[in-house]
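Student: query18.pdb (PDB, N, CA and C atoms) pasted underneath:
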```
ATOM      1  N   LYS A   1     -36.976  21.253 -94.324  1.00  0.00           N
ATOM      2  CA  LYS A   1     -37.526  22.469 -93.711  1.00  0.00           C
ATOM      3  C   LYS A   1     -36.763  23.682 -94.229  1.00  0.00           C
ATOM      4  N   LYS A   2     -37.500  24.752 -94.467  1.00  0.00           N
ATOM      5  CA  LYS A   2     -36.897  25.965 -95.024  1.00  0.00           C
ATOM      6  C   LYS A   2     -36.206  26.775 -93.926  1.00  0.00           C
ATOM      7  N   SER A   3     -35.188  27.495 -94.315  1.00  0.00           N
ATOM      8  CA  SER A   3     -34.532  28.372 -93.350  1.00  0.00           C
ATOM      9  C   SER A   3     -35.387  29.622 -93.143  1.00  0.00           C
ATOM     10  N   HIS A   4     -35.217  30.235 -91.990  1.00  0.00           N
ATOM     11  CA  HIS A   4     -36.033  31.412 -91.667  1.00  0.00           C
ATOM     12  C   HIS A   4     -35.721  32.586 -92.586  1.00  0.00           C
ATOM     13  N   GLU A   5     -34.522  32.621 -93.161  1.00  0.00           N
ATOM     14  CA  GLU A   5     -34.152  33.741 -94.021  1.00  0.00           C
ATOM     15  C   GLU A   5     -34.852  33.666 -95.371  1.00  0.00           C
ATOM     16  N   SER A   6     -35.122  32.472 -95.862  1.00  0.00           N
ATOM     17  CA  SER A   6     -35.660  32.342 -97.216  1.00  0.00           C
ATOM     18  C   SER A   6     -37.178  32.463 -97.271  1.00  0.00           C
ATOM     19  N   VAL A   7     -37.862  32.302 -96.153  1.00  0.00           N
ATOM     20  CA  VAL A   7     -39.326  32.323 -96.168  1.00  0.00           C
ATOM     21  C   VAL A   7     -39.886  33.683 -96.598  1.00  0.00           C
ATOM     22  N   PRO A   8     -39.435  34.813 -96.021  1.00  0.00           N
ATOM     23  CA  PRO A   8     -39.975  36.103 -96.474  1.00  0.00           C
ATOM     24  C   PRO A   8     -39.694  36.386 -97.946  1.00  0.00           C
ATOM     25  N   GLU A   9     -38.541  35.961 -98.435  1.00  0.00           N
ATOM     26  CA  GLU A   9     -38.229  36.197 -99.849  1.00  0.00           C
ATOM     27  C   GLU A   9     -39.151  35.390-100.756  1.00  0.00           C
ATOM     28  N   GLU A  10     -39.442  34.149-100.369  1.00  0.00           N
ATOM     29  CA  GLU A  10     -40.351  33.334-101.176  1.00  0.00           C
ATOM     30  C   GLU A  10     -41.761  33.903-101.157  1.00  0.00           C
ATOM     31  N   LEU A  11     -42.214  34.354 -99.992  1.00  0.00           N
ATOM     32  CA  LEU A  11     -43.544  34.960 -99.902  1.00  0.00           C
ATOM     33  C   LEU A  11     -43.613  36.228-100.740  1.00  0.00           C
ATOM     34  N   ALA A  12     -42.541  37.000-100.747  1.00  0.00           N
ATOM     35  CA  ALA A  12     -42.517  38.229-101.533  1.00  0.00           C
ATOM     36  C   ALA A  12     -42.609  37.921-103.021  1.00  0.00           C
ATOM     37  N   LYS A  13     -41.920  36.875-103.466  1.00  0.00           N
ATOM     38  CA  LYS A  13     -41.990  36.509-104.881  1.00  0.00           C
ATOM     39  C   LYS A  13     -43.373  35.996-105.255  1.00  0.00           C
ATOM     40  N   MET A  14     -43.996  35.233-104.354  1.00  0.00           N
ATOM     41  CA  MET A  14     -45.319  34.676-104.647  1.00  0.00           C
ATOM     42  C   MET A  14     -46.381  35.764-104.739  1.00  0.00           C
ATOM     43  N   THR A  15     -46.274  36.782-103.895  1.00  0.00           N
ATOM     44  CA  THR A  15     -47.329  37.790-103.806  1.00  0.00           C
ATOM     45  C   THR A  15     -46.947  39.121-104.441  1.00  0.00           C
ATOM     46  N   TYR A  16     -45.763  39.199-105.056  1.00  0.00           N
ATOM     47  CA  TYR A  16     -45.296  40.433-105.709  1.00  0.00           C
ATOM     48  C   TYR A  16     -45.255  41.610-104.739  1.00  0.00           C
ATOM     49  N   THR A  17     -44.762  41.365-103.539  1.00  0.00           N
ATOM     50  CA  THR A  17     -44.588  42.429-102.551  1.00  0.00           C
ATOM     51  C   THR A  17     -43.121  42.466-102.144  1.00  0.00           C
ATOM     52  N   THR A  18     -42.772  43.452-101.317  1.00  0.00           N
ATOM     53  CA  THR A  18     -41.405  43.495-100.808  1.00  0.00           C
ATOM     54  C   THR A  18     -41.271  42.503 -99.660  1.00  0.00           C
ATOM     55  N   LYS A  19     -40.049  42.108 -99.378  1.00  0.00           N
ATOM     56  CA  LYS A  19     -39.844  41.115 -98.321  1.00  0.00           C
ATOM     57  C   LYS A  19     -40.093  41.692 -96.932  1.00  0.00           C
ATOM     58  N   HIS A  20     -40.063  43.017 -96.821  1.00  0.00           N
ATOM     59  CA  HIS A  20     -40.223  43.631 -95.505  1.00  0.00           C
ATOM     60  C   HIS A  20     -41.623  43.439 -94.952  1.00  0.00           C
ATOM     61  N   ARG A  21     -42.588  43.208 -95.817  1.00  0.00           N
ATOM     62  CA  ARG A  21     -43.957  43.008 -95.371  1.00  0.00           C
ATOM     63  C   ARG A  21     -44.087  41.743 -94.536  1.00  0.00           C
ATOM     64  N   TRP A  22     -43.206  40.783 -94.707  1.00  0.00           N
ATOM     65  CA  TRP A  22     -43.363  39.462 -94.106  1.00  0.00           C
ATOM     66  C   TRP A  22     -42.562  39.289 -92.819  1.00  0.00           C
ATOM     67  N   PHE A  23     -41.920  40.355 -92.342  1.00  0.00           N
ATOM     68  CA  PHE A  23     -41.241  40.276 -91.058  1.00  0.00           C
ATOM     69  C   PHE A  23     -42.169  40.828 -89.989  1.00  0.00           C
ATOM     70  N   PRO A  24     -42.223  40.195 -88.809  1.00  0.00           N
ATOM     71  CA  PRO A  24     -43.095  40.716 -87.748  1.00  0.00           C
ATOM     72  C   PRO A  24     -42.597  42.064 -87.246  1.00  0.00           C
ATOM     73  N   ARG A  25     -43.538  42.925 -86.870  1.00  0.00           N
ATOM     74  CA  ARG A  25     -43.170  44.250 -86.368  1.00  0.00           C
ATOM     75  C   ARG A  25     -42.984  44.177 -84.864  1.00  0.00           C
ATOM     76  N   SER A  26     -41.795  44.518 -84.398  1.00  0.00           N
ATOM     77  CA  SER A  26     -41.525  44.417 -82.963  1.00  0.00           C
ATOM     78  C   SER A  26     -42.192  45.541 -82.184  1.00  0.00           C
ATOM     79  N   ARG A  27     -42.519  46.645 -82.852  1.00  0.00           N
ATOM     80  CA  ARG A  27     -43.130  47.749 -82.105  1.00  0.00           C
ATOM     81  C   ARG A  27     -44.543  47.407 -81.651  1.00  0.00           C
ATOM     82  N   ASP A  28     -45.200  46.455 -82.336  1.00  0.00           N
ATOM     83  CA  ASP A  28     -46.528  46.042 -81.897  1.00  0.00           C
ATOM     84  C   ASP A  28     -46.460  45.293 -80.570  1.00  0.00           C
ATOM     85  N   LYS A  29     -45.403  44.537 -80.380  1.00  0.00           N
ATOM     86  CA  LYS A  29     -45.256  43.796 -79.123  1.00  0.00           C
ATOM     87  C   LYS A  29     -44.986  44.739 -77.966  1.00  0.00           C
ATOM     88  N   ARG A  30     -44.246  45.822 -78.234  1.00  0.00           N
ATOM     89  CA  ARG A  30     -43.854  46.737 -77.167  1.00  0.00           C
ATOM     90  C   ARG A  30     -44.942  47.749 -76.824  1.00  0.00           C
ATOM     91  N   ALA A  31     -45.951  47.895 -77.683  1.00  0.00           N
ATOM     92  CA  ALA A  31     -46.987  48.899 -77.457  1.00  0.00           C
ATOM     93  C   ALA A  31     -47.805  48.539 -76.221  1.00  0.00           C
ATOM     94  N   LYS A  32     -48.055  49.535 -75.385  1.00  0.00           N
ATOM     95  CA  LYS A  32     -48.826  49.303 -74.173  1.00  0.00           C
ATOM     96  C   LYS A  32     -50.297  49.135 -74.525  1.00  0.00           C
ATOM     97  N   LYS A  33     -50.942  48.237 -73.828  1.00  0.00           N
ATOM     98  CA  LYS A  33     -52.378  48.065 -73.990  1.00  0.00           C
ATOM     99  C   LYS A  33     -53.065  48.933 -72.930  1.00  0.00           C
ATOM    100  N   THR A  34     -53.392  50.163 -73.300  1.00  0.00           N
ATOM    101  CA  THR A  34     -54.013  51.060 -72.330  1.00  0.00           C
ATOM    102  C   THR A  34     -55.530  50.905 -72.406  1.00  0.00           C
ATOM    103  N   PRO A  35     -56.188  50.791 -71.269  1.00  0.00           N
ATOM    104  CA  PRO A  35     -57.655  50.670 -71.291  1.00  0.00           C
ATOM    105  C   PRO A  35     -58.300  51.990 -71.706  1.00  0.00           C
ATOM    106  N   MET A  36     -59.419  51.890 -72.406  1.00  0.00           N
ATOM    107  CA  MET A  36     -60.127  53.106 -72.801  1.00  0.00           C
ATOM    108  C   MET A  36     -60.744  53.736 -71.563  1.00  0.00           C
ATOM    109  N   ASP A  37     -60.612  55.045 -71.449  1.00  0.00           N
ATOM    110  CA  ASP A  37     -61.168  55.702 -70.273  1.00  0.00           C
ATOM    111  C   ASP A  37     -62.663  55.980 -70.432  1.00  0.00           C
ATOM    112  N   ARG A  38     -63.153  55.968 -71.679  1.00  0.00           N
ATOM    113  CA  ARG A  38     -64.587  56.180 -71.910  1.00  0.00           C
ATOM    114  C   ARG A  38     -65.106  55.065 -72.808  1.00  0.00           C
ATOM    115  N   ARG A  39     -66.070  54.310 -72.338  1.00  0.00           N
ATOM    116  CA  ARG A  39     -66.576  53.170 -73.090  1.00  0.00           C
ATOM    117  C   ARG A  39     -67.385  53.589 -74.307  1.00  0.00           C
ATOM    118  N   TYR A  40     -67.997  54.765 -74.253  1.00  0.00           N
ATOM    119  CA  TYR A  40     -68.953  55.140 -75.288  1.00  0.00           C
ATOM    120  C   TYR A  40     -68.291  55.701 -76.537  1.00  0.00           C
ATOM    121  N   LEU A  41     -66.982  55.809 -76.589  1.00  0.00           N
ATOM    122  CA  LEU A  41     -66.307  56.293 -77.793  1.00  0.00           C
ATOM    123  C   LEU A  41     -65.966  55.152 -78.716  1.00  0.00           C
TER     124      LEU A  41
END
```
Any chance you could put this one into structure tokens?

Tutor:
Amino acid sequence: KKSHESVPEELAKMTYTTKHRWFPRSRDKRAKKTPMDRRYL
């Protein structure tokens, strides 16, 4: 089994992207899910 540190680096090499793309964004978890006040928008 691969270590958690090496997985983003391997994905970055495979897809020619930076390794930062493969880490989850914590701000998405903290964002409030506010209901829309107008349905028709």

Student: Would you list, as an MDAnalysis selection string, the residues of chain A that end up in alpha helix (DSSP H) under DSSP run on this structure's backbone?

Tutor: chainID A and resid 6:15 26:30

Student: Excluding Pro8 of chain A and any residue of its chain fewer than 6 positions from it, enumerate the residues within 12 Å of it, using only C-alpha atoms, and give them as an NGL selection string.

Tutor: :A and (2 or 14-24)

Student: Taking all atoms of segment 34-39 of chain A that the file lists, what box with edges along x, y and z, padded by 6 Å per side, do you get, with centre and edge lengths in Å to one decimal, as lines of an AutoDock Vina configuration file?

Tutor:
```
center_x = -60.4
center_y = 53.2
center_z = -72.3
size_x = 26.0
size_y = 18.0
size_z = 16.0
```

Student: May I ask for the distance between atom CA of Leu11 of chain A and atom C of Lys29 of chain A, given in Å to one decimal place?

Tutor: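 Calculated distance between atom CA of Leu11 of chain A and atom C of Lys29 of chain A is 24.1 Å.
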
Student: One number please: atom CA of His4 of chain A to atom C of Lys32 of chain A, in Å, one decimal.

Tutor: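 Spanning atom CA of His4 of chain A to atom C of Lys32 of chain A is a straight-line distance of 28.5 Å.
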